[in-house]
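Notes to accompany the following structure.
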Amino acid sequence: MVDSDLLALGLGGTSMMAMLWAVASGRRTVGVEMRGDPFLGVHWNIREDLYHQLGLIDQLMLERFGGERVPRRANGKVFRLAECFYSRETSGGDIVADEVIDGFDSDQHIVGTIRDVEFIDDRWRDGLPNRVINVLVPPRPPDRPDPDRIGVSMVDVLDGPSTYQAQAASIQKLLRRYLELIEQQDRNAGRAPRVQLFTHHRVVPDDGDGFIDGPDGRKGIRIEALREFDFKGQFVRIREPGSEIIDLGVPELFIIAEGFNSADAKRLGFEQHDVVVDHGDGRGSVVAQADFLAGLVEVLVGGRLRRRISSEFDQDGQEYWVRQIAVGHENDPEVGWVLVQVPDFKTFDPIESNLVPAGTDADTPEYFAAFQHLLYDYYINQAADVLDIPRDELKQVQMIYGPKLFSLVERVGSDPLVAANGVVAGDSFGNGHFLTSGGAMTGMIGHGARVREYWRARDAGDSPARAIRKLADSIREDTQAWLRVSAKEYSEALPINFGAERIAQINQAGGGRMNARANAIDAARRHRHDLIPLDPSDWRRLFIHNGKVISELPKLEAAHPLKRPERAASLAAVMLRLRATPDPTKVEAKSSSDHRPPADRLMPVITQVNSAGELAQDPRARTRSKLTIGTVTGERARSYAFLLVMQDEQIVHRFEISQDQAVIGRADPKRQIAPDVDLERFDSMKTVSRRHAVIHHENGVFSIEDLDSRNTTQVADATLSPGRAVALRDGDVLTLGSVRVVFRLLRASDLPVAWSAS
């Protein structure tokens, strides 16, 4: 296929969703991938929007091509992406994606549902270990795909709870097999191809041979076939002997989504810049970075999303908050991904730990073995606490991967547009905190679907230049939304993929200790990085620790791990290191180096900078000197209000009330009416007036006023008189025409401060 409509470089979730949207829009598409079949072993927490998008692709494919030109599974059934992904008629379990797709496992689907949502707060309080366990109501999976429930904002998508869990490779194989079957179906029928895949290929790396400059700024692309080898522990690729360069011509649109470090994007002049975060702790801006240990332990975590935050103390008694997460797969005891954060003071230095003599060469097996011992010991200790399994018992469990040390540094580019016909997307454009699988969701649910908008704009008469500019801006908007949401993971204890209602519940149960930052980045991380190079892309190599499988996860104990008899010695050792920490409610901050920040400086502000530490310039901006993402003022940090749209007793949408006056109504572009809270898509009977009501905020008090609406505004069962404001309380049910919403209020400044006497 030459001069295709869409050419995808890199066949991860982002590119394959983009290809599916393109085919469903009637376009011809080519995909190029170096690494063959999908292999990514990590598990993803998946928002329900992906399910709805797959359902819409199924619908569009049948409408456009009919049943005869839609792929079929090996059992003869029409291949429906959403049905293989999840169905009420089938179940989750110990499955292989191909077995579901070909019909061998006819009673199972690919993903597992999240049946248990747990948050454990094991941070110390008032100088002693403290435990608060939150067991939350799990999200209810939708009965069927519903295109009307596809989110319009990545902030809304990422702020919502995760509904499913699945191995990343299983989702990628689902998309890949569908594309492969389209290609095979057209080839067998002798039709012009809709899809062509090159799965062991890359853009020719020689300058001037891979990307060919056209007179109009568009790029032609040529690729070569590859052979991959494991050369002394490193994966290497060479051109297949005797093969010829393949000229793919000039696509109308090409998309580069090859992971966080794309050589092809760099060749086209694209650069990523570190994202820095000011945590409001008086220490200024630091790079948004954290280190983690990942491992796959064969423990039945099951349909569980369990997150934990705990306190770690350095030798001076300084407290650090570290996070752990355990995710599994419904009914599969061989999937227990446990990721643990490494505190900033940890170095894993074998010499400092007295495991090897001073002066030992870091390249020797003795040094490396000691380093691995320190990693494993720390990982087992942390994993045992989040799983609530005794450490000695967890050491007997089989691990097929890890513990693997890797580092996440948030990075983002200035502009996804790299050619007149090319954009960068997915992690190749930018990445945020990954613990909630937000990067995968941003790429597949956000960037992938934006390609559909590109083709819709072209069908509506937009020029390619205008359509690709919109596409690039949308990709940047989605990634910036991901950065805004994920910045909280670096500064706060709150998990960002539990949903607003669950966060409020956790905050209340935890005594309001969720918005304070314990400590900033420490230089020890740099020392740790210098010891052993980190390779975050090496998810292909297995590390086998033989052992048993645990098919039942123990019930969470109410006592903090350090308060249990077998941990008495560990508790005593920590107590000896503790420093005396004054009550921040009684001590006035005196300088920027004070341990605790003022209450109105607890929200992060993130900016984009280049590798030299200079503010990156947006090439399209004329008056801005920097790209500011999610700046949060002190006023906003003191009060939060939300309107939760209810349908069939389920929360279907959340609006944040961030202004002092927020108009509720129904948008009317012809009259240039754009209310702050637009209920248009929830009001099929058009019972909401264009300017229906307004919510006022003054000195922490919220009230609502009816704006002489046609179908009235009710608070509880009381109908409001137009022009008369009525105070709102947390939990008030509002009825605006036929739309019902719930008002929720969270006052951050009224909550107790960490380490208070309460």
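We name chains A, B, ... following the order of the structure tokens; residues begin at 1 in each chain, and ligands are numbered from 1 as shown.
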
I'd like the contact shell of Thr442 (chain A) - 7 Å cut-off, only C-alpha atoms, skipping same-chain residues fewer than 2 positions apart - returned as a list in words. Met154, Gly438, Gly439, Ala440, Met444, Ile445, Gly446, His447, Asp478, Thr479 and Trp482 of chain A

Using only C-alpha atoms, determine which residues lie at most 8 Å from region 290-307 of chain A, disregarding the query and same-chain residues fewer than 4 positions distant; provide the list as a ChimeraX atom specification. /A:112-120,165,323-343,375,379,386,397-409,495,548-553

Could you save the residues just selected, with N, CA and C atoms, as a short mmCIF file (atom, residue, chain, number, x, y, z; two decimals), in the first residue's frame?
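Listing of selection38.cif after writing:
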```cif
data_model
loop_
_atom_site.label_atom_id
_atom_site.label_comp_id
_atom_site.auth_asym_id
_atom_site.auth_seq_id
_atom_site.Cartn_x
_atom_site.Cartn_y
_atom_site.Cartn_z
N GLY A 112 -10.51 -8.39 33.39
CA GLY A 112 -11.12 -8.69 34.67
C GLY A 112 -11.76 -7.43 35.22
N THR A 113 -12.84 -7.58 35.93
CA THR A 113 -13.47 -6.42 36.55
C THR A 113 -12.86 -6.18 37.92
N ILE A 114 -12.94 -4.95 38.37
CA ILE A 114 -12.44 -4.59 39.70
C ILE A 114 -13.57 -4.77 40.70
N ARG A 115 -13.43 -5.75 41.55
CA ARG A 115 -14.49 -6.09 42.51
C ARG A 115 -14.19 -5.57 43.91
N ASP A 116 -12.95 -5.23 44.18
CA ASP A 116 -12.57 -4.71 45.50
C ASP A 116 -11.67 -3.49 45.29
N VAL A 117 -12.03 -2.39 45.92
CA VAL A 117 -11.22 -1.18 45.87
C VAL A 117 -10.81 -0.85 47.30
N GLU A 118 -9.51 -0.87 47.55
CA GLU A 118 -9.01 -0.71 48.92
C GLU A 118 -7.91 0.34 48.96
N PHE A 119 -7.94 1.15 49.98
CA PHE A 119 -6.87 2.11 50.21
C PHE A 119 -6.43 2.00 51.65
N ILE A 120 -5.13 1.74 51.84
CA ILE A 120 -4.56 1.56 53.18
C ILE A 120 -3.67 2.76 53.48
N GLN A 165 -9.31 -4.44 34.78
CA GLN A 165 -7.88 -4.71 34.81
C GLN A 165 -7.57 -5.74 33.73
N ARG A 323 4.55 4.88 48.27
CA ARG A 323 3.32 4.26 47.82
C ARG A 323 3.59 2.85 47.31
N GLN A 324 2.59 1.99 47.48
CA GLN A 324 2.64 0.66 46.90
C GLN A 324 1.27 0.39 46.24
N ILE A 325 1.29 -0.42 45.23
CA ILE A 325 0.05 -0.78 44.55
C ILE A 325 0.09 -2.25 44.20
N ALA A 326 -1.03 -2.92 44.37
CA ALA A 326 -1.16 -4.33 44.00
C ALA A 326 -2.38 -4.46 43.10
N VAL A 327 -2.16 -5.03 41.92
CA VAL A 327 -3.26 -5.27 40.98
C VAL A 327 -3.16 -6.69 40.49
N GLY A 328 -4.28 -7.26 40.15
CA GLY A 328 -4.31 -8.63 39.66
C GLY A 328 -5.24 -8.77 38.49
N HIS A 329 -5.74 -9.97 38.32
CA HIS A 329 -6.71 -10.24 37.26
C HIS A 329 -7.75 -11.17 37.85
N GLU A 330 -8.99 -10.87 37.62
CA GLU A 330 -10.11 -11.62 38.18
C GLU A 330 -9.94 -13.13 37.95
N ASN A 331 -9.97 -13.89 39.05
CA ASN A 331 -9.92 -15.36 39.02
C ASN A 331 -8.60 -15.93 38.50
N ASP A 332 -7.53 -15.14 38.54
CA ASP A 332 -6.24 -15.64 38.04
C ASP A 332 -5.20 -15.52 39.16
N PRO A 333 -4.84 -16.65 39.81
CA PRO A 333 -3.88 -16.58 40.92
C PRO A 333 -2.44 -16.40 40.48
N GLU A 334 -2.17 -16.40 39.18
CA GLU A 334 -0.79 -16.24 38.71
C GLU A 334 -0.47 -14.80 38.34
N VAL A 335 -1.40 -13.89 38.58
CA VAL A 335 -1.18 -12.48 38.26
C VAL A 335 -1.29 -11.65 39.53
N GLY A 336 -0.14 -11.22 40.04
CA GLY A 336 -0.11 -10.32 41.18
C GLY A 336 0.99 -9.29 40.97
N TRP A 337 0.69 -8.25 40.21
CA TRP A 337 1.67 -7.19 39.99
C TRP A 337 1.72 -6.31 41.22
N VAL A 338 2.89 -6.20 41.81
CA VAL A 338 3.09 -5.34 42.97
C VAL A 338 4.20 -4.35 42.64
N LEU A 339 3.88 -3.07 42.73
CA LEU A 339 4.86 -2.02 42.49
C LEU A 339 5.05 -1.23 43.77
N VAL A 340 6.29 -0.96 44.11
CA VAL A 340 6.58 -0.24 45.35
C VAL A 340 7.49 0.94 45.03
N GLN A 341 7.20 2.07 45.64
CA GLN A 341 8.00 3.27 45.44
C GLN A 341 9.25 3.21 46.31
N VAL A 342 10.34 3.70 45.77
CA VAL A 342 11.60 3.75 46.50
C VAL A 342 11.73 5.14 47.12
N PRO A 343 11.89 5.25 48.44
CA PRO A 343 12.03 6.58 49.04
C PRO A 343 13.31 7.26 48.57
N LEU A 375 17.90 -4.80 46.60
CA LEU A 375 16.63 -4.55 45.90
C LEU A 375 15.57 -5.56 46.32
N TYR A 379 12.12 -4.85 48.34
CA TYR A 379 10.87 -5.13 47.63
C TYR A 379 9.99 -6.10 48.41
N VAL A 386 1.88 -4.56 51.72
CA VAL A 386 0.69 -4.21 50.96
C VAL A 386 -0.19 -5.43 50.72
N VAL A 397 7.07 -17.58 47.55
CA VAL A 397 6.14 -17.50 46.43
C VAL A 397 6.92 -17.32 45.13
N GLN A 398 6.43 -17.92 44.08
CA GLN A 398 7.09 -17.80 42.77
C GLN A 398 6.96 -16.39 42.22
N MET A 399 8.05 -15.85 41.71
CA MET A 399 8.06 -14.57 41.01
C MET A 399 8.60 -14.83 39.61
N ILE A 400 7.85 -14.46 38.59
CA ILE A 400 8.33 -14.68 37.22
C ILE A 400 8.92 -13.42 36.62
N TYR A 401 8.83 -12.31 37.35
CA TYR A 401 9.45 -11.08 36.87
C TYR A 401 9.83 -10.23 38.07
N GLY A 402 11.03 -9.65 38.01
CA GLY A 402 11.44 -8.69 39.01
C GLY A 402 12.07 -9.32 40.25
N PRO A 403 12.33 -8.45 41.26
CA PRO A 403 12.00 -7.02 41.24
C PRO A 403 12.92 -6.23 40.31
N LYS A 404 12.30 -5.37 39.52
CA LYS A 404 13.02 -4.56 38.53
C LYS A 404 12.97 -3.11 38.96
N LEU A 405 14.14 -2.48 39.07
CA LEU A 405 14.21 -1.06 39.43
C LEU A 405 14.14 -0.21 38.17
N PHE A 406 13.25 0.74 38.17
CA PHE A 406 13.17 1.66 37.05
C PHE A 406 12.72 3.03 37.56
N SER A 407 12.96 4.02 36.74
CA SER A 407 12.70 5.40 37.13
C SER A 407 11.70 6.03 36.16
N LEU A 408 10.78 6.78 36.70
CA LEU A 408 9.84 7.54 35.88
C LEU A 408 10.16 9.02 36.01
N VAL A 409 10.45 9.66 34.91
CA VAL A 409 10.64 11.11 34.87
C VAL A 409 9.59 11.67 33.93
N PRO A 495 -5.01 8.66 45.89
CA PRO A 495 -4.92 7.94 44.62
C PRO A 495 -5.81 8.61 43.60
N LYS A 548 5.97 -21.35 45.26
CA LYS A 548 4.57 -21.79 45.23
C LYS A 548 3.66 -20.66 44.76
N VAL A 549 2.40 -21.02 44.55
CA VAL A 549 1.36 -20.06 44.18
C VAL A 549 0.38 -19.96 45.34
N ILE A 550 0.03 -18.74 45.72
CA ILE A 550 -0.96 -18.52 46.77
C ILE A 550 -2.29 -18.17 46.12
N SER A 551 -3.29 -19.00 46.32
CA SER A 551 -4.58 -18.85 45.65
C SER A 551 -5.62 -18.15 46.51
N GLU A 552 -5.21 -17.61 47.64
CA GLU A 552 -6.16 -16.87 48.47
C GLU A 552 -5.40 -15.78 49.20
N LEU A 553 -5.77 -14.55 48.97
CA LEU A 553 -5.11 -13.43 49.62
C LEU A 553 -5.65 -13.28 51.04
#
```

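Take the candidates A:Ala192, A:Ala97, A:Val645, A:Ile389 and check each one against Glu680 (chain A) using only C-alpha atoms; the shortest distance goes to A:Val645.
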
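Of the listed residues (A:Ala362, A:Ser4, A:Arg308, A:Pro161), A:Pro161 comes nearest to Pro138 (chain A); the distances count only C-alpha atoms.
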
Residues of region 110-247 of chain A in strand (DSSP E or B), written as a PyMOL selection string: chain A and resi 112-113+116-122+125+128+132-136+164-167+195-198+201-203+211-213+219-231+234-239+246-247

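The space between CA of Gly217 (chain A) and CA of Pro464 (chain A) spans 12.3 Å.
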
Nearest to Asp415 (chain A), restricted to only C-alpha atoms and choosing among A:Arg476, A:Pro365, A:Asp37, A:Asp459, comes out as A:Arg476

List the neighbours of region 260-266 of chain A out to 12 Å using only C-alpha atoms; skip same-chain residues closer than 2 positions along the sequence, and give me the result as a ChimeraX atom specification. /A:8-10,12,202-207,210-211,221,223,254-258,268-273,408-413,415-419,422-432,434,439-440,443,535-537

Excluding region 43-53 of chain A and its own-chain neighbours fewer than 2 positions away, which residues fall within 6 Å of it when counting only C-alpha atoms? Please give them as a PDB file with C-alpha atoms, in the first residue's frame.
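Produced file around_29.pdb, reproduced below:
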```pdb
ATOM      1  CA  GLY A  55     -18.309  -0.683  20.931  1.00  0.00           C
ATOM      2  CA  LEU A  56     -18.550   2.379  18.697  1.00  0.00           C
ATOM      3  CA  ALA A  82     -16.185  -4.863  22.782  1.00  0.00           C
ATOM      4  CA  PRO A 145     -21.226  -0.272  25.150  1.00  0.00           C
ATOM      5  CA  ASP A 146     -22.803   3.163  24.964  1.00  0.00           C
ATOM      6  CA  PRO A 147     -21.243   5.761  22.620  1.00  0.00           C
ATOM      7  CA  ILE A 150     -17.589   8.328  25.900  1.00  0.00           C
ATOM      8  CA  SER A 162     -10.830   2.366  36.936  1.00  0.00           C
ATOM      9  CA  THR A 163     -13.406  -0.304  36.078  1.00  0.00           C
ATOM     10  CA  TYR A 164     -11.317  -3.102  34.525  1.00  0.00           C
ATOM     11  CA  GLN A 165      -7.885  -4.709  34.808  1.00  0.00           C
ATOM     12  CA  ALA A 166      -6.033  -6.546  32.074  1.00  0.00           C
ATOM     13  CA  GLN A 167      -2.577  -7.500  30.910  1.00  0.00           C
ATOM     14  CA  ALA A 168      -1.409  -4.790  28.554  1.00  0.00           C
ATOM     15  CA  SER A 437      -2.141   3.442  33.874  1.00  0.00           C
ATOM     16  CA  ILE A 445      -8.721   6.726  24.777  1.00  0.00           C
TER      17      ILE A 445
END
```

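Remark: for Val485 (chain A), the closest of the candidate residues A:Val157, A:Ala74, A:Phe65, A:Arg681 is A:Val157 (distances computed over only C-alpha atoms).
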
Between A:Leu720, A:Ile212, A:Phe229, A:Gln289, smallest distance to His433 (chain A) by only C-alpha atoms belongs to A:Gln289

When distances are computed from only C-alpha atoms, which of A:Val694, A:Ile101, A:Ser87, A:Ala358 shows the smallest separation from Pro142 (chain A)? A:Ser87

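The gap separating CA of Ile246 (chain A) from CA of Thr14 (chain A) is 23.9 Å, in Å to one decimal.
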
Counting only C-alpha atoms, what is within 10 Å of Ser684 (chain A), bar same-chain residues fewer than 5 positions away, as a VMD selection string? chain A and resid 679 738 to 739

Filtered DSSP result for region 262-450 of chain A, state helix (DSSP H, G or I), as a PyMOL selection string: chain A and resi 263-267+365-387+391-394+426-428+438-450

Neighbours of Lys77 (chain A) within 12 Å (only C-alpha atoms; same-chain residues fewer than 2 positions away dropped), as a CSV table (one decimal) with C-alpha atoms, in the first residue's frame?
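Wrote it out as part.csv, contents follow:
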```
chain,number,residue,atom,x,y,z
A,67,GLY,CA,-21.3,-8.3,8.0
A,68,GLU,CA,-19.3,-9.8,5.1
A,70,VAL,CA,-16.1,-7.3,9.1
A,71,PRO,CA,-13.6,-9.8,10.6
A,72,ARG,CA,-14.9,-13.1,12.0
A,73,ARG,CA,-13.5,-15.2,14.8
A,74,ALA,CA,-12.3,-18.8,14.3
A,75,ASN,CA,-15.7,-20.0,15.5
A,79,PHE,CA,-15.5,-10.4,15.7
A,80,ARG,CA,-16.8,-7.7,18.0
A,81,LEU,CA,-14.0,-5.9,19.9
A,83,GLU,CA,-17.6,-8.4,23.2
A,84,CYS,CA,-14.2,-9.9,23.5
A,100,VAL,CA,-10.9,-15.7,23.6
A,101,ILE,CA,-10.5,-14.2,20.1
A,102,ASP,CA,-10.5,-17.5,18.3
A,103,GLY,CA,-13.4,-18.8,20.3
A,106,SER,CA,-16.2,-19.2,24.5
```
